[in-house]
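Q: One file is attached below, target27.pdb, containing PDB, C-alpha atoms.
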MODEL        1
ATOM      1  CA  MET A 207      70.610 116.921 105.932
ATOM      2  CA  SER A 208      70.464 117.553 109.659
ATOM      3  CA  LYS A 209      70.457 114.492 111.856
ATOM      4  CA  ASP A 210      67.517 113.475 113.974
ATOM      5  CA  PRO A 211      68.322 113.692 117.698
ATOM      6  CA  GLU A 212      68.279 110.493 119.690
ATOM      7  CA  PRO A 213      65.120 110.287 121.817
ATOM      8  CA  ASP A 214      65.783 110.842 125.515
ATOM      9  CA  ARG A 215      63.144 108.358 126.626
ATOM     10  CA  ASN A 216      64.496 105.096 125.315
ATOM     11  CA  ILE A 217      66.521 102.253 126.703
ATOM     12  CA  SER A 218      69.840 103.997 126.019
ATOM     13  CA  GLY A 219      68.846 107.094 127.975
ATOM     14  CA  GLY A 220      69.417 109.323 124.951
ATOM     15  CA  ALA A 221      71.589 112.386 125.434
ATOM     16  CA  ALA A 222      71.600 111.871 129.213
ATOM     17  CA  GLY A 223      72.543 108.210 128.979
ATOM     18  CA  GLY A 224      76.309 108.548 128.841
ATOM     19  CA  GLY A 225      78.694 107.874 125.990
ATOM     20  CA  ALA A 226      80.132 110.275 123.454
ATOM     21  CA  GLU A 227      79.675 111.306 119.842
ATOM     22  CA  VAL A 228      81.822 109.588 117.224
ATOM     23  CA  SER A 229      82.258 110.053 113.478
ATOM     24  CA  CYS A 230      81.931 107.552 110.660
ATOM     25  CA  SER A 231      84.200 109.526 108.353
ATOM     26  CA  GLY A 232      87.150 107.505 107.099
ATOM     27  CA  GLU A 233      85.840 104.228 108.535
ATOM     28  CA  ARG A 234      85.515 101.166 106.367
ATOM     29  CA  THR A 235      82.233 100.376 104.634
ATOM     30  CA  ASP A 236      83.516  97.291 102.836
ATOM     31  CA  THR A 237      80.598  95.152 103.984
ATOM     32  CA  ARG A 238      76.938  95.830 103.414
ATOM     33  CA  GLY A 239      76.317  95.778 107.162
ATOM     34  CA  ALA A 240      78.915  98.520 107.646
ATOM     35  CA  ALA A 241      77.430 100.533 104.769
ATOM     36  CA  VAL A 242      73.940 100.288 106.267
ATOM     37  CA  VAL A 243      75.103 101.447 109.701
ATOM     38  CA  ASP A 244      77.116 104.257 108.088
ATOM     39  CA  ARG A 245      74.005 105.528 106.324
ATOM     40  CA  LEU A 246      71.885 105.209 109.462
ATOM     41  CA  GLY A 247      74.530 107.204 111.328
ATOM     42  CA  ASP A 248      74.286 109.944 108.704
ATOM     43  CA  ARG A 249      70.509 110.048 109.138
ATOM     44  CA  TYR A 250      70.240 109.676 112.908
ATOM     45  CA  TRP A 251      73.177 109.825 115.338
ATOM     46  CA  GLU A 252      76.733 108.576 115.677
ATOM     47  CA  LYS A 253      77.835 107.870 119.227
ATOM     48  CA  THR A 254      79.413 105.363 121.523
ATOM     49  CA  TYR A 255      77.628 104.369 124.720
ATOM     50  CA  GLY A 256      78.578 103.551 128.276
ATOM     51  CA  GLY A 257      78.410 105.015 131.749
ATOM     52  CA  ARG A 258      74.982 103.870 132.915
ATOM     53  CA  ASP A 259      74.763 102.275 136.354
ATOM     54  CA  ALA A 260      75.180  98.541 135.729
ATOM     55  CA  PHE A 261      72.433  97.204 137.971
ATOM     56  CA  GLU A 262      69.954  99.937 137.091
ATOM     57  CA  CYS A 263      70.653  99.282 133.410
ATOM     58  CA  LEU A 264      69.997  95.588 133.968
ATOM     59  CA  VAL A 265      66.697  96.362 135.690
ATOM     60  CA  ARG A 266      65.750  98.841 132.951
ATOM     61  CA  THR A 267      66.398  96.239 130.260
ATOM     62  CA  ILE A 268      64.366  93.573 132.048
ATOM     63  CA  LEU A 269      61.471  96.021 132.250
ATOM     64  CA  SER A 270      61.756  96.573 128.488
ATOM     65  CA  GLN A 271      61.342  92.890 127.654
ATOM     66  CA  ASN A 272      58.271  92.159 125.517
ATOM     67  CA  THR A 273      57.051  95.739 125.625
ATOM     68  CA  SER A 274      57.779  99.189 124.236
ATOM     69  CA  ASP A 275      59.916 102.014 125.611
ATOM     70  CA  ALA A 276      56.719 104.023 126.017
ATOM     71  CA  ALA A 277      55.435 101.396 128.461
ATOM     72  CA  SER A 278      58.672 100.438 130.211
ATOM     73  CA  GLN A 279      60.088 103.919 130.805
ATOM     74  CA  PRO A 280      57.309 105.012 133.237
ATOM     75  CA  ALA A 281      57.682 101.697 135.081
ATOM     76  CA  HIS A 282      61.411 102.313 135.394
ATOM     77  CA  ASP A 283      60.794 105.836 136.680
ATOM     78  CA  ALA A 284      58.245 104.581 139.204
ATOM     79  CA  LEU A 285      60.648 101.896 140.420
ATOM     80  CA  LEU A 286      63.409 104.446 141.008
ATOM     81  CA  GLU A 287      61.031 106.808 142.754
ATOM     82  CA  ARG A 288      59.978 104.066 145.174
ATOM     83  CA  TYR A 289      63.205 102.131 145.695
ATOM     84  CA  GLY A 290      66.017 104.527 144.843
ATOM     85  CA  ASP A 291      66.833 108.184 144.486
ATOM     86  CA  SER A 292      65.354 108.984 141.078
ATOM     87  CA  GLU A 293      67.101 112.378 141.068
ATOM     88  CA  ALA A 294      70.570 110.975 141.689
ATOM     89  CA  PRO A 295      73.047 111.721 138.887
ATOM     90  CA  ARG A 296      73.810 108.763 136.676
ATOM     91  CA  LEU A 297      77.321 107.375 136.308
ATOM     92  CA  THR A 298      79.558 109.078 133.766
ATOM     93  CA  GLU A 299      82.750 107.831 132.174
ATOM     94  CA  ALA A 300      84.759 110.289 134.274
ATOM     95  CA  SER A 301      83.475 108.732 137.489
ATOM     96  CA  ASN A 302      83.848 105.065 136.554
ATOM     97  CA  ALA A 303      86.886 104.545 138.745
ATOM     98  CA  GLN A 304      85.364 106.265 141.781
ATOM     99  CA  ARG A 305      81.875 104.745 141.855
ATOM    100  CA  SER A 306      80.552 105.063 145.417
ATOM    101  CA  GLY A 307      77.828 102.455 145.078
ATOM    102  CA  SER A 308      75.169 104.544 146.803
ATOM    103  CA  ARG A 309      72.765 107.249 145.662
ATOM    104  CA  ASP A 310      72.304 110.764 146.969
ATOM    105  CA  ASP A 311      69.992 109.514 149.701
ATOM    106  CA  GLY A 312      72.371 106.700 150.684
ATOM    107  CA  THR A 313      70.344 103.893 149.143
ATOM    108  CA  ASP A 314      71.845 100.982 147.300
ATOM    109  CA  LEU A 315      69.360  99.856 144.646
ATOM    110  CA  VAL A 316      70.577  96.265 144.858
ATOM    111  CA  ALA A 317      69.815  96.138 148.589
ATOM    112  CA  ALA A 318      66.499  97.935 148.211
ATOM    113  CA  LEU A 319      65.245  95.530 145.564
ATOM    114  CA  ALA A 320      66.721  92.422 147.185
ATOM    115  CA  ASP A 321      64.539  93.171 150.211
ATOM    116  CA  ALA A 322      61.500  94.342 148.230
ATOM    117  CA  ASP A 323      58.081  92.806 148.700
ATOM    118  CA  GLN A 324      57.245  91.197 145.367
ATOM    119  CA  ALA A 325      53.604  92.249 145.347
ATOM    120  CA  SER A 326      54.562  95.871 145.972
ATOM    121  CA  LEU A 327      57.262  95.804 143.301
ATOM    122  CA  ALA A 328      54.875  94.165 140.834
ATOM    123  CA  GLU A 329      52.346  96.918 141.457
ATOM    124  CA  THR A 330      55.013  99.573 140.971
ATOM    125  CA  ILE A 331      56.115  98.242 137.570
ATOM    126  CA  SER A 332      52.709  97.067 136.367
ATOM    127  CA  GLY A 333      52.756  99.406 133.378
ATOM    128  CA  ALA A 334      55.606  97.438 131.817
ATOM    129  CA  GLY A 335      53.519  94.270 131.462
ATOM    130  CA  LEU A 336      54.336  90.785 132.782
ATOM    131  CA  HIS A 337      54.843  92.562 136.095
ATOM    132  CA  ASN A 338      54.584  89.467 138.296
ATOM    133  CA  GLN A 339      57.226  87.668 136.296
ATOM    134  CA  LYS A 340      59.498  90.704 135.986
ATOM    135  CA  SER A 341      59.262  91.587 139.683
ATOM    136  CA  ALA A 342      60.271  88.054 140.641
ATOM    137  CA  ARG A 343      63.215  88.194 138.241
ATOM    138  CA  ILE A 344      64.399  91.554 139.518
ATOM    139  CA  ILE A 345      64.278  90.470 143.173
ATOM    140  CA  ASP A 346      66.044  87.191 142.388
ATOM    141  CA  ILE A 347      68.815  88.987 140.489
ATOM    142  CA  ALA A 348      69.192  91.640 143.205
ATOM    143  CA  GLN A 349      69.569  88.948 145.836
ATOM    144  CA  ARG A 350      72.160  87.124 143.746
ATOM    145  CA  ILE A 351      74.171  90.296 143.117
ATOM    146  CA  ARG A 352      74.087  91.201 146.808
ATOM    147  CA  SER A 353      75.228  87.701 147.718
ATOM    148  CA  GLU A 354      78.019  87.474 145.123
ATOM    149  CA  TYR A 355      79.183  91.111 144.805
ATOM    150  CA  GLY A 356      77.869  92.961 147.839
ATOM    151  CA  GLY A 357      76.085  95.795 146.057
ATOM    152  CA  GLU A 358      76.003  98.234 143.177
ATOM    153  CA  ALA A 359      79.628  99.383 143.362
ATOM    154  CA  ALA A 360      81.183  95.922 143.166
ATOM    155  CA  PHE A 361      78.793  94.872 140.405
ATOM    156  CA  ASP A 362      79.777  97.981 138.426
ATOM    157  CA  ALA A 363      83.434  97.109 138.898
ATOM    158  CA  PHE A 364      82.833  93.543 137.726
ATOM    159  CA  LEU A 365      80.927  94.672 134.653
ATOM    160  CA  ARG A 366      83.613  97.123 133.571
ATOM    161  CA  GLY A 367      86.704  95.264 134.678
ATOM    162  CA  GLU A 368      86.245  91.681 133.516
ATOM    163  CA  PRO A 369      86.481  90.411 129.913
ATOM    164  CA  ALA A 370      83.271  90.983 127.971
ATOM    165  CA  GLU A 371      82.659  87.296 127.289
ATOM    166  CA  SER A 372      83.051  86.448 130.974
ATOM    167  CA  VAL A 373      80.593  89.179 131.936
ATOM    168  CA  ARG A 374      78.176  88.055 129.239
ATOM    169  CA  GLU A 375      78.258  84.454 130.477
ATOM    170  CA  THR A 376      77.586  85.606 134.034
ATOM    171  CA  LEU A 377      74.663  87.773 132.968
ATOM    172  CA  LEU A 378      73.182  84.976 130.866
ATOM    173  CA  ASP A 379      73.268  82.723 133.920
ATOM    174  CA  MET A 380      70.920  85.077 135.773
ATOM    175  CA  THR A 381      67.197  84.390 135.902
ATOM    176  CA  GLY A 382      65.373  85.926 132.942
ATOM    177  CA  VAL A 383      68.463  87.437 131.286
ATOM    178  CA  GLY A 384      68.747  86.572 127.601
ATOM    179  CA  PRO A 385      71.326  87.588 124.993
ATOM    180  CA  LYS A 386      69.694  90.920 124.137
ATOM    181  CA  THR A 387      69.455  91.943 127.800
ATOM    182  CA  ALA A 388      73.064  90.923 128.477
ATOM    183  CA  ASP A 389      74.323  92.789 125.425
ATOM    184  CA  CYS A 390      72.382  95.944 126.300
ATOM    185  CA  VAL A 391      74.014  95.980 129.742
ATOM    186  CA  LEU A 392      77.455  95.453 128.195
ATOM    187  CA  LEU A 393      76.794  98.312 125.795
ATOM    188  CA  PHE A 394      74.939 100.947 127.798
ATOM    189  CA  ALA A 395      76.607 100.346 131.175
ATOM    190  CA  GLY A 396      79.904  98.753 130.203
ATOM    191  CA  GLY A 397      80.568 100.883 127.135
ATOM    192  CA  ARG A 398      81.974  97.866 125.323
ATOM    193  CA  ASP A 399      82.778  98.474 121.659
ATOM    194  CA  GLY A 400      81.857  95.729 119.214
ATOM    195  CA  VAL A 401      78.599  94.819 120.992
ATOM    196  CA  PHE A 402      75.518  94.922 118.742
ATOM    197  CA  PRO A 403      72.401  93.872 120.705
ATOM    198  CA  VAL A 404      69.742  92.206 118.582
ATOM    199  CA  ASP A 405      66.136  92.967 119.455
ATOM    200  CA  THR A 406      63.064  92.265 117.339
ATOM    201  CA  HIS A 407      63.679  95.293 115.085
ATOM    202  CA  VAL A 408      67.327  94.429 114.403
ATOM    203  CA  HIS A 409      66.456  90.773 113.851
ATOM    204  CA  ARG A 410      63.805  91.688 111.285
ATOM    205  CA  ILE A 411      65.710  94.445 109.480
ATOM    206  CA  TYR A 412      69.002  92.668 108.800
ATOM    207  CA  ARG A 413      67.300  89.514 107.573
ATOM    208  CA  ARG A 414      64.999  91.609 105.363
ATOM    209  CA  LEU A 415      68.036  93.460 104.024
ATOM    210  CA  GLY A 416      69.633  90.117 103.166
ATOM    211  CA  ILE A 417      72.688  90.812 105.324
ATOM    212  CA  ALA A 418      71.837  87.874 107.579
ATOM    213  CA  PRO A 419      70.273  84.618 106.328
ATOM    214  CA  ALA A 420      66.477  84.656 106.237
ATOM    215  CA  GLY A 421      66.228  81.902 108.842
ATOM    216  CA  ALA A 422      68.983  83.194 111.156
ATOM    217  CA  ASP A 423      68.187  83.327 114.859
ATOM    218  CA  HIS A 424      69.013  86.337 117.021
ATOM    219  CA  GLU A 425      72.460  85.047 117.961
ATOM    220  CA  ARG A 426      73.463  84.410 114.345
ATOM    221  CA  VAL A 427      72.363  87.925 113.359
ATOM    222  CA  ARG A 428      74.452  89.307 116.234
ATOM    223  CA  GLU A 429      77.530  87.352 115.140
ATOM    224  CA  ILE A 430      77.240  88.655 111.573
ATOM    225  CA  LEU A 431      76.777  92.279 112.612
ATOM    226  CA  GLU A 432      79.603  92.220 115.136
ATOM    227  CA  ARG A 433      81.820  90.719 112.430
ATOM    228  CA  ASP A 434      80.854  93.169 109.669
ATOM    229  CA  VAL A 435      80.340  96.500 111.481
ATOM    230  CA  PRO A 436      83.282  98.528 112.887
ATOM    231  CA  ASP A 437      83.483  98.114 116.657
ATOM    232  CA  GLN A 438      82.771 101.750 117.565
ATOM    233  CA  HIS A 439      79.719 101.776 115.301
ATOM    234  CA  CYS A 440      77.950  98.764 116.784
ATOM    235  CA  GLY A 441      76.344 100.798 119.573
ATOM    236  CA  PHE A 442      74.644 103.414 117.445
ATOM    237  CA  GLY A 443      74.091 100.737 114.808
ATOM    238  CA  HIS A 444      71.796  99.091 117.346
ATOM    239  CA  THR A 445      69.891 102.198 118.460
ATOM    240  CA  ALA A 446      69.676 103.781 115.003
ATOM    241  CA  SER A 447      68.440 100.490 113.527
ATOM    242  CA  ILE A 448      65.631 100.459 116.082
ATOM    243  CA  GLN A 449      64.677 104.002 115.084
ATOM    244  CA  PHE A 450      64.796 103.021 111.406
ATOM    245  CA  GLY A 451      62.579 100.017 112.134
ATOM    246  CA  ARG A 452      60.018 102.234 113.810
ATOM    247  CA  GLU A 453      60.029 104.913 111.097
ATOM    248  CA  TYR A 454      60.588 102.945 107.882
ATOM    249  CA  CYS A 455      60.978  99.185 108.209
ATOM    250  CA  SER A 456      58.032  98.051 110.309
ATOM    251  CA  ALA A 457      57.003  94.416 110.452
ATOM    252  CA  ARG A 458      53.738  94.794 108.538
ATOM    253  CA  LYS A 459      54.179  97.835 106.311
ATOM    254  CA  PRO A 460      57.762  98.694 105.372
ATOM    255  CA  ALA A 461      58.222 101.968 103.502
ATOM    256  CA  CYS A 462      59.516 100.181 100.379
ATOM    257  CA  LEU A 463      55.925  99.205  99.572
ATOM    258  CA  ASP A 464      55.529 102.846  98.530
ATOM    259  CA  GLY A 465      58.455 102.691  96.089
ATOM    260  CA  PRO A 466      62.253 103.160  96.011
ATOM    261  CA  GLU A 467      62.156 106.815  97.030
ATOM    262  CA  ALA A 468      60.272 106.028 100.250
ATOM    263  CA  CYS A 469      63.126 104.153 101.963
ATOM    264  CA  PRO A 470      66.636 105.548 102.533
ATOM    265  CA  LEU A 471      68.130 102.026 102.437
ATOM    266  CA  TYR A 472      66.316 100.830  99.309
ATOM    267  CA  ASP A 473      69.495 100.410  97.226
ATOM    268  CA  LEU A 474      71.175  98.375  99.982
ATOM    269  CA  CYS A 475      68.216  96.053 100.597
ATOM    270  CA  ASP A 476      67.214  92.683  99.108
ATOM    271  CA  ARG A 477      63.663  93.095 100.514
ATOM    272  CA  VAL A 478      63.536  89.463 101.611
ATOM    273  CA  GLY A 479      59.908  88.592 102.316
ATOM    274  CA  VAL A 480      58.605  91.833 100.777
ATOM    275  CA  ASP A 481      56.701  91.901  97.488
ATOM    276  CA  PRO A 482      56.039  95.565  96.605
ATOM    277  CA  ALA A 483      54.104  94.640  93.454
ATOM    278  CA  ALA A 484      51.612  92.595  95.455
ATOM    279  CA  SER A 485      51.891  94.711  98.618
ATOM    280  CA  GLU A 486      52.605  91.512 100.550
ATOM    281  CA  VAL A 487      54.952  91.149 103.489
ATOM    282  CA  VAL A 488      55.991  87.999 105.327
ATOM    283  CA  ASP A 489      58.736  87.257 107.831
ATOM    284  CA  PRO A 490      61.994  86.679 105.899
ATOM    285  CA  ALA A 491      62.122  83.101 107.219
ATOM    286  CA  GLU A 492      58.842  82.392 105.397
ATOM    287  CA  ALA A 493      59.895  83.951 102.098
ATOM    288  CA  ASN A 494      61.356  80.830 100.498
ATOM    289  CA  GLN A 495      58.948  78.264 101.885
TER     290      GLN A 495
ENDMDL
END
Write out the structure in this file as structure tokens.
A:
Amino acid sequence: MSKDPEPDRNISGGAAGGGAEVSCSGERTDTRGAAVVDRLGDRYWEKTYGGRDAFECLVRTILSQNTSDAASQPAHDALLERYGDSEAPRLTEASNAQRSGSRDDGTDLVAALADADQASLAETISGAGLHNQKSARIIDIAQRIRSEYGGEAAFDAFLRGEPAESVRETLLDMTGVGPKTADCVLLFAGGRDGVFPVDTHVHRIYRRLGIAPAGADHERVREILERDVPDQHCGFGHTASIQFGREYCSARKPACLDGPEACPLYDLCDRVGVDPAASEVVDPAEANQ
């Protein structure tokens, strides 16, 4: 079976988003979480991540909050077109140590957004939804990064050079940055192995599978996955799980309602909250109430 290519227009940046291919062969699958990610890697893609510009990645993830990639990607593109050089090459692993901190046209995105007029920024990113709130958050964060780090280059160095937990704590202290946003920046910009961001798809899927408790919050699901999945597989475990959630394990109509052959993870799943016989689906947390 040939693997599906990773979409280019998603939060990871797809093939152009940095990182490198990896292989699952020979890795442990002694937990169900590891076995699930192994199978998703066989179906979709196996890769590590890293190399995105840290601040741009943070902005991109904020834009993605409470909306889809289809809505947030155009807002991200519009923001770069207005406030940065949208054609500038993105950071690669080979250039991590020599990050210049400015784009081809000399702009520093931190400075540009720290000085941005909120109404104009809100208009620019309006397609992403909650644009007034997100524009305020982005300006506030840009001003804080400029004050504490000076600009893009120093923030990149901080993100890649400090211990992951220290970086995570700093990110979580920023206005509007939650665990999923912090973890996405650690993964897609920092290239940190062992980071498994938990969005709404991941939260639903691994509780439905029975790998995480039905009532587990996002942080508990993250802890379980980062414990059970090999470090180098956490990155594509996150992105491939999202793709699986979109194609097979949706909130309202998971593929298993159509029978065992309809879902590639059927034999690994407890189907918590799913009753195929009655064609009923509830959130896993409601299943035992």
Q: Excluding Cys469 in chain A and residues on its chain fewer than 6 positions from it, collect all residues at most 12 Å away from it, counting only C-alpha atoms, and give them as a list of chain:residue names.
A: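 The residues satisfying every condition are A:Arg245, A:Leu246, A:Arg249, A:Leu415, A:Phe450, A:Gly451, A:Glu453, A:Tyr454, A:Cys455, A:Ser456, A:Lys459, A:Pro460, A:Ala461, A:Cys462, A:Leu463, A:Cys475, A:Arg477.
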Q: Between CA of Arg426 in chain A and CA of Ser372 in chain A, what is the distance, to one decimal in Å?
A: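 According to the coordinates, CA of Arg426 in chain A and CA of Ser372 in chain A are separated by 19.3 Å.
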Q: Contacts of Glu329 in chain A at 12 Å or less, counting only C-alpha atoms, minus same-chain residues fewer than 4 places along, as a PDB file with C-alpha atoms, in the coordinates of the input?
A:
ATOM      1  CA  ALA A 281      57.682 101.697 135.081  1.00  0.00           C
ATOM      2  CA  ALA A 284      58.245 104.581 139.204  1.00  0.00           C
ATOM      3  CA  LEU A 285      60.648 101.896 140.420  1.00  0.00           C
ATOM      4  CA  ARG A 288      59.978 104.066 145.174  1.00  0.00           C
ATOM      5  CA  ALA A 322      61.500  94.342 148.230  1.00  0.00           C
ATOM      6  CA  ASP A 323      58.081  92.806 148.700  1.00  0.00           C
ATOM      7  CA  GLN A 324      57.245  91.197 145.367  1.00  0.00           C
ATOM      8  CA  ALA A 325      53.604  92.249 145.347  1.00  0.00           C
ATOM      9  CA  GLY A 333      52.756  99.406 133.378  1.00  0.00           C
ATOM     10  CA  ALA A 334      55.606  97.438 131.817  1.00  0.00           C
ATOM     11  CA  GLY A 335      53.519  94.270 131.462  1.00  0.00           C
ATOM     12  CA  LEU A 336      54.336  90.785 132.782  1.00  0.00           C
ATOM     13  CA  HIS A 337      54.843  92.562 136.095  1.00  0.00           C
ATOM     14  CA  ASN A 338      54.584  89.467 138.296  1.00  0.00           C
ATOM     15  CA  GLN A 339      57.226  87.668 136.296  1.00  0.00           C
ATOM     16  CA  LYS A 340      59.498  90.704 135.986  1.00  0.00           C
ATOM     17  CA  SER A 341      59.262  91.587 139.683  1.00  0.00           C
ATOM     18  CA  ALA A 342      60.271  88.054 140.641  1.00  0.00           C
TER      19      ALA A 342
END
Q: Considering all atoms listed in the file, can you say which of A:Gly247, A:Arg452, A:Ala395, A:Ser229 comes closest to Gly367 in chain A?
A: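 Of A:Gly247, A:Arg452, A:Ala395, A:Ser229, the one nearest Gly367 in chain A is A:Ala395, counting all atoms listed in the file.
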Q: Is there a way to get, as an mmCIF file with C-alpha atoms, in the coordinates of the input, all residues within 10 Å of the point (78.3, 99.4, 121.8) in file coordinates, counting all atoms listed in the file?
A:
data_model
loop_
_atom_site.group_PDB
_atom_site.id
_atom_site.type_symbol
_atom_site.label_atom_id
_atom_site.label_comp_id
_atom_site.auth_asym_id
_atom_site.auth_seq_id
_atom_site.Cartn_x
_atom_site.Cartn_y
_atom_site.Cartn_z
ATOM 1 C CA GLY A 225 78.694 107.874 125.990
ATOM 2 C CA LYS A 253 77.835 107.870 119.227
ATOM 3 C CA THR A 254 79.413 105.363 121.523
ATOM 4 C CA TYR A 255 77.628 104.369 124.720
ATOM 5 C CA GLY A 256 78.578 103.551 128.276
ATOM 6 C CA ASP A 389 74.323 92.789 125.425
ATOM 7 C CA CYS A 390 72.382 95.944 126.300
ATOM 8 C CA VAL A 391 74.014 95.980 129.742
ATOM 9 C CA LEU A 392 77.455 95.453 128.195
ATOM 10 C CA LEU A 393 76.794 98.312 125.795
ATOM 11 C CA PHE A 394 74.939 100.947 127.798
ATOM 12 C CA ALA A 395 76.607 100.346 131.175
ATOM 13 C CA GLY A 396 79.904 98.753 130.203
ATOM 14 C CA GLY A 397 80.568 100.883 127.135
ATOM 15 C CA ARG A 398 81.974 97.866 125.323
ATOM 16 C CA ASP A 399 82.778 98.474 121.659
ATOM 17 C CA GLY A 400 81.857 95.729 119.214
ATOM 18 C CA VAL A 401 78.599 94.819 120.992
ATOM 19 C CA PHE A 402 75.518 94.922 118.742
ATOM 20 C CA PRO A 403 72.401 93.872 120.705
ATOM 21 C CA GLU A 432 79.603 92.220 115.136
ATOM 22 C CA ASP A 437 83.483 98.114 116.657
ATOM 23 C CA GLN A 438 82.771 101.750 117.565
ATOM 24 C CA HIS A 439 79.719 101.776 115.301
ATOM 25 C CA CYS A 440 77.950 98.764 116.784
ATOM 26 C CA GLY A 441 76.344 100.798 119.573
ATOM 27 C CA PHE A 442 74.644 103.414 117.445
ATOM 28 C CA GLY A 443 74.091 100.737 114.808
ATOM 29 C CA HIS A 444 71.796 99.091 117.346
ATOM 30 C CA THR A 445 69.891 102.198 118.460
#
Q: Would you be able to write out as a count of residues only which residues have an atom within 7 Å of (72.0, 109.9, 115.0) in the file's coordinates, counting all atoms listed in the file?
A: 11
Q: What is the CA of Val242 in chain A-CA of Tyr412 in chain A distance in Å, reported with one decimal?
A: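 Taking CA of Val242 in chain A and CA of Tyr412 in chain A, their separation equals 9.4 Å.
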Q: Looking at A:Val435, A:Ala468, A:Val478, A:Ala422, which one is nearest to Thr237 in chain A, with distances taken over only C-alpha atoms?
A: A:Val435
Q: Provide the CA of Asp464 in chain A to CA of Val243 in chain A distance in Å, to one decimal place.
A: 22.6 Å
Q: When you count all atoms listed in the file, which of these residues is closest to Ala348 in chain A: A:Thr381, A:Ser332, A:Thr406, A:Ser218?
A: A:Thr381
